[in-house]
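Peer 1: Below you'll find the structure I mean.
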2 protein chains.
Amino acid sequence: MHPHPATIHVARAQHHLRWDNSIPPIHHVASGAVIEFDLLDAANGQIGPDATVAAIETLDFGQVDQVNGPIFVTGAEPGDTLQIDLLDLQPADWGWTAIIPGFGLLADEFTTPALKIWRLSNGWADFAPGIRIPLAPFCGEIGLAPGAAGALSTIPPYRHGGNMDTKHLTSGATLYLPVEAPGALFSLGDGHAAQGDGEVCGTAIETPMRATVRLTVRKDLSINAPQFQTGGPLTPHTNTAPYYATDGIGPDLLEAARDAIRHMITHLQRAYGLSRADAYMLCSVAVDLKLAEVVDAPNWVVSAFLPLSIFGER
Amino acid sequence: MHPHPATIHVARAQHHLRWDNSIPPIHHVASGAVIEFDLLDAANGQIGPDATVAAIETLDFGQVDQVNGPIFVTGAEPGDTLQIDLLDLQPADWGWTAIIPGFGLLADEFTTPALKIWRLSNGWADFAPGIRIPLAPFCGEIGLAPGAAGALSTIPPYRHGGNMDTKHLTSGATLYLPVEAPGALFSLGDGHAAQGDGEVCGTAIETPMRATVRLTVRKDLSINAPQFQTGGPLTPHTNTAPYYATDGIGPDLLEAARDAIRHMITHLQRAYGLSRADAYMLCSVAVDLKLAEVVDAPNWVVSAFLPLSIFGER
């Protein structure tokens with residue numbers, strides 16, 4: 001039995017492709033409603049478990065990062081906060097990771113498309129012999145409609161949420177988003193089975209997802225950007241062994257992040273014999289970017305952390 | 001008995017204030033040597049356990065971030081890597097954290113000096129009733145001399161190390177730095193008893209430190225920026241409970257980091273009744289900055305993570 005029986009079900013086809021407060025809600029719910037979403041992957045069904053790299057070459061970017069909804073929550077007014085309890089997140093038994101030309105932190109250096117199809121089973125995804133990633137499912141897209149009229153792309157995140165791609169929003173976490181439009185107009189999408197902080201190649205382990213959430217209007221809290229509480233300690237399935245880290249150091253944080261990932265790709269090639277493309281994709285699904293220091297002007301330190309637990313180290 | 005008997009001892013007074021390959025080495029050692037450093041805090045003794053905020057007002061910045069050394073490691077040549085095994089790190093029984101006008105991520109918003117003196121005992125530092133920080137000692141400054149002639153400030157970090165302020169370089173970690181000058185010319189300083197990723201107010205729990213390291217020349221490894229392996233899982237003493245996180249979202253990572261910390265300061269004031277200055281200092285010693293995503297152009301997400309374990313939550 002499901003511990004949180006959903007009163008509302010949202011089907012795969014009930015999606016939209018822009019953040020826009022003029023999109024008619026598919027449901028009106030009371031504060032406290034529990035809703036179950038059946039979500040296609042972020043390619044909106046263009047990539048299946050038997051796909052080849054040809055699917056990346058012909059990918060229609062105008063159809064990606066669809067979000068399911070919107071849900072009108074009665075009583076939610078601009079200035080309120082919508083509390084989103086992430087009750088249950090169940091990925092499909094397969095997923096994909098891709099290098100999509102023109103997209104990603106090192107887009108200028110990775111211009112050839114690549115596609116990896118994953119089998120997901122018993123909480124793990126096998127990358128290669130001896131390398132496996134523990135699943136930690138979450139939704140990359142969790143957002144509300146903007147207050148201003150007009151349509152916004154679903155690719156970037158905003159102060160009202162959207163494509164935050166935040167790996168710590170796993171089951172048990174609670175997210176808070178600022179309400180800008182009456183009814184909040186909540187939507188959800190972009191299932192990820194696992195990801196590193198940064199999502200550096202632009203894709204995680206992308207997967208269809210069944211997601212159950214509770215939506216609650218909070219009149220007592222006013223925020224102006226996303227906030228959240230995790231369900232427990234961070235990354236309990238990966239933080240079980242040492243990490244190997246590579247630094248990028250310099251006055252520009254984005255360039256320092258690029259350098260840290262470049263050095264990690266070189267390390268993965270040298271230490272584990274991976275191809276450059278595989279190393280980049282492994283960084284995207286498993287390597288975490290941290291800001292070590294942002295005060296010792298003029299040079300900041302960004303570190304890329306590789307969990308050695310994925311190689312079976314303890 | 002110490003498990004790694006040091007053959008060389010470096011005294012507090014054996015320090016210098018610039019990275020410069022013309023500074024004469026205080027010792028010549030063989031590869032594999034174990035060295036014990038007795039380090040003053042980063043204010044070079046200007047702040048003591050009984051100091052008041054007046055010490056910040058009169059702080060001579062020309063004397064801060066001294067590093068002890070340099071140590072000439074026989075056989076180290078440009079292009080080699082120096083492996084630094086961090087064998088033992090013992091902070092003093094006190095430390096300090098300060099807001100220093102003109103310094104820190106929110107320097108323009110915190111223009112009044114502040115000083116907090118900590119007692120450190122049994123592995124903990126008490127911040128306020130009900131808030132205590134587990135110690136995780138490391139050295140902020142670990143570096144080699146540059147290859148080029150001339151003197152570099154010890155405030156910023158460089159590709160050859162220096163003020164990396166990397167909290168994960170605790171006892172048991174191994175750091176790799178690229179050798180630029182013959183003999184590597186290793187120096188160490190800036191003891192920290194605890195710090196968040198980012199060190200946002202510009203100071204950690206600053207403390208005198210006794211540090212024991214092993215220096216090994218690696219001819220088989222060539223890198224061009226710092227790399228390291230941690231001694232075990234990350235932050236085992238703080239990652240024991242949920243975290244509360246605040247986001248900064250936008251096209252500039254440094255401004256997004258500022259926003260994330262601004263929101264966390266507001267949260268700490270509202271949820272725990274802290275003053276703005278105390279909240280900023282607590283962020284610096286306990287809150288971690290992560291790059292959630294750096295690919296959903298044009299908006300990136302920086303998240304500030306507050307470990308609820310410091311409030312006794314489990």
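In the structure tokens, the first chain shown is A, the next is B, and so on; residue numbers restart at 1 for each chain, and ligands run from 1 in the order shown.
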Distance limit 7 Å, atoms considered: only C-alpha atoms. Which chain B residues sit that close to chain A? Return them as a PyMOL selection string.
Peer 2: chain B and resi 104-105+155-159+164-166+197-200+202+225-234+239-249+253-254+289-299+301
Peer 1: Can you list, as a count of residues only, every protein, DNA or RNA residue that comes within 6 Å of region 181-184 of chain A when you count only C-alpha atoms, leaving out same-chain residues fewer than 5 positions away?
Peer 2: 8
Peer 1: Residues of region 132-210 of chain A classed as strand (DSSP E) by DSSP on the backbone are to be reported as a PyMOL selection string.
Peer 2: chain A and resi 132-134+138-144+152-153+157-158+161-163+174-178+186-192+209-210
Peer 1: Set the distance at 9 Å and use only C-alpha atoms: which residues neighbour region 6-14 of chain B once local chain neighbours fewer than 5 positions away are removed? I'd like the list as a PyMOL selection string.
Peer 2: chain B and resi 26-27+29+33-40+67-70+212-214
Peer 1: I need the residue nearest Val285 (chain B) from this list: B:Trp19, B:Trp118, B:Phe110, B:Phe61. Use only C-alpha atoms for the distance.
Peer 2: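 Closest candidate: B:Trp118.
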Peer 1: List every residue of region 75-265 of chain B that DSSP, applied to the backbone, labels as helix (DSSP H, G or I), and write the result as a ChimeraX atom specification.
Peer 2: /B:253-265
Peer 1: For His16 (chain B), which residue out of B:Leu188, B:Arg262, B:Ile131, B:Leu268 is the nearest one, using only C-alpha atoms?
Peer 2: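 Under the stated criterion, the closest residue is B:Leu188.
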Peer 1: Separation of CA of Leu282 (chain B) and CA of Ile265 (chain B), in Å?
Peer 2: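 Going from CA of Leu282 (chain B) over to CA of Ile265 (chain B), I get 8.8 Å.
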Peer 1: Can you tell me which residues surround Pro101 (chain A) at a distance of at most 9 Å, considering only C-alpha atoms, apart from same-chain residues fewer than 5 positions away, and format the answer as a ChimeraX atom specification?
Peer 2: /A:56-57,107-108,110-114
Peer 1: Could you write out the selected residues, including N, CA and C atoms, as a tab-separated table (two decimals), in the first residue's frame?
Peer 2:
```tsv
chain	number	residue	atom	x	y	z
A	56	ILE	N	19.72	11.40	-30.96
A	56	ILE	CA	20.25	12.70	-30.53
A	56	ILE	C	20.40	13.61	-31.74
A	57	GLU	N	20.83	13.01	-32.84
A	57	GLU	CA	21.05	13.81	-34.05
A	57	GLU	C	19.74	14.42	-34.56
A	107	ALA	N	30.44	22.62	-23.92
A	107	ALA	CA	29.80	22.45	-25.22
A	107	ALA	C	30.77	22.69	-26.37
A	108	ASP	N	31.69	23.64	-26.20
A	108	ASP	CA	32.61	23.95	-27.29
A	108	ASP	C	33.65	22.86	-27.52
A	110	PHE	N	32.94	19.42	-26.82
A	110	PHE	CA	32.27	18.15	-27.10
A	110	PHE	C	31.20	18.40	-28.15
A	111	THR	N	31.60	18.28	-29.39
A	111	THR	CA	30.71	18.65	-30.49
A	111	THR	C	30.12	17.43	-31.19
A	112	THR	N	30.52	16.23	-30.75
A	112	THR	CA	29.99	15.01	-31.36
A	112	THR	C	28.92	14.43	-30.44
A	113	PRO	N	27.73	14.13	-30.97
A	113	PRO	CA	26.69	13.58	-30.10
A	113	PRO	C	27.06	12.20	-29.57
A	114	ALA	N	26.56	11.90	-28.38
A	114	ALA	CA	26.74	10.58	-27.79
A	114	ALA	C	25.48	10.24	-27.01
```
Peer 1: So how many Å separate CA of Asp50 (chain A) and CA of Asp190 (chain A), to one decimal?
Peer 2: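 Atom-to-atom, CA of Asp50 (chain A) to CA of Asp190 (chain A), that is 19.4 Å.
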Peer 1: Quick check, in Å to one decimal: how far apart do CA of Cys139 (chain B) and CA of Trp124 (chain B) lie?
Peer 2: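 Pair CA of Cys139 (chain B) / CA of Trp124 (chain B) returns 17.4 Å.
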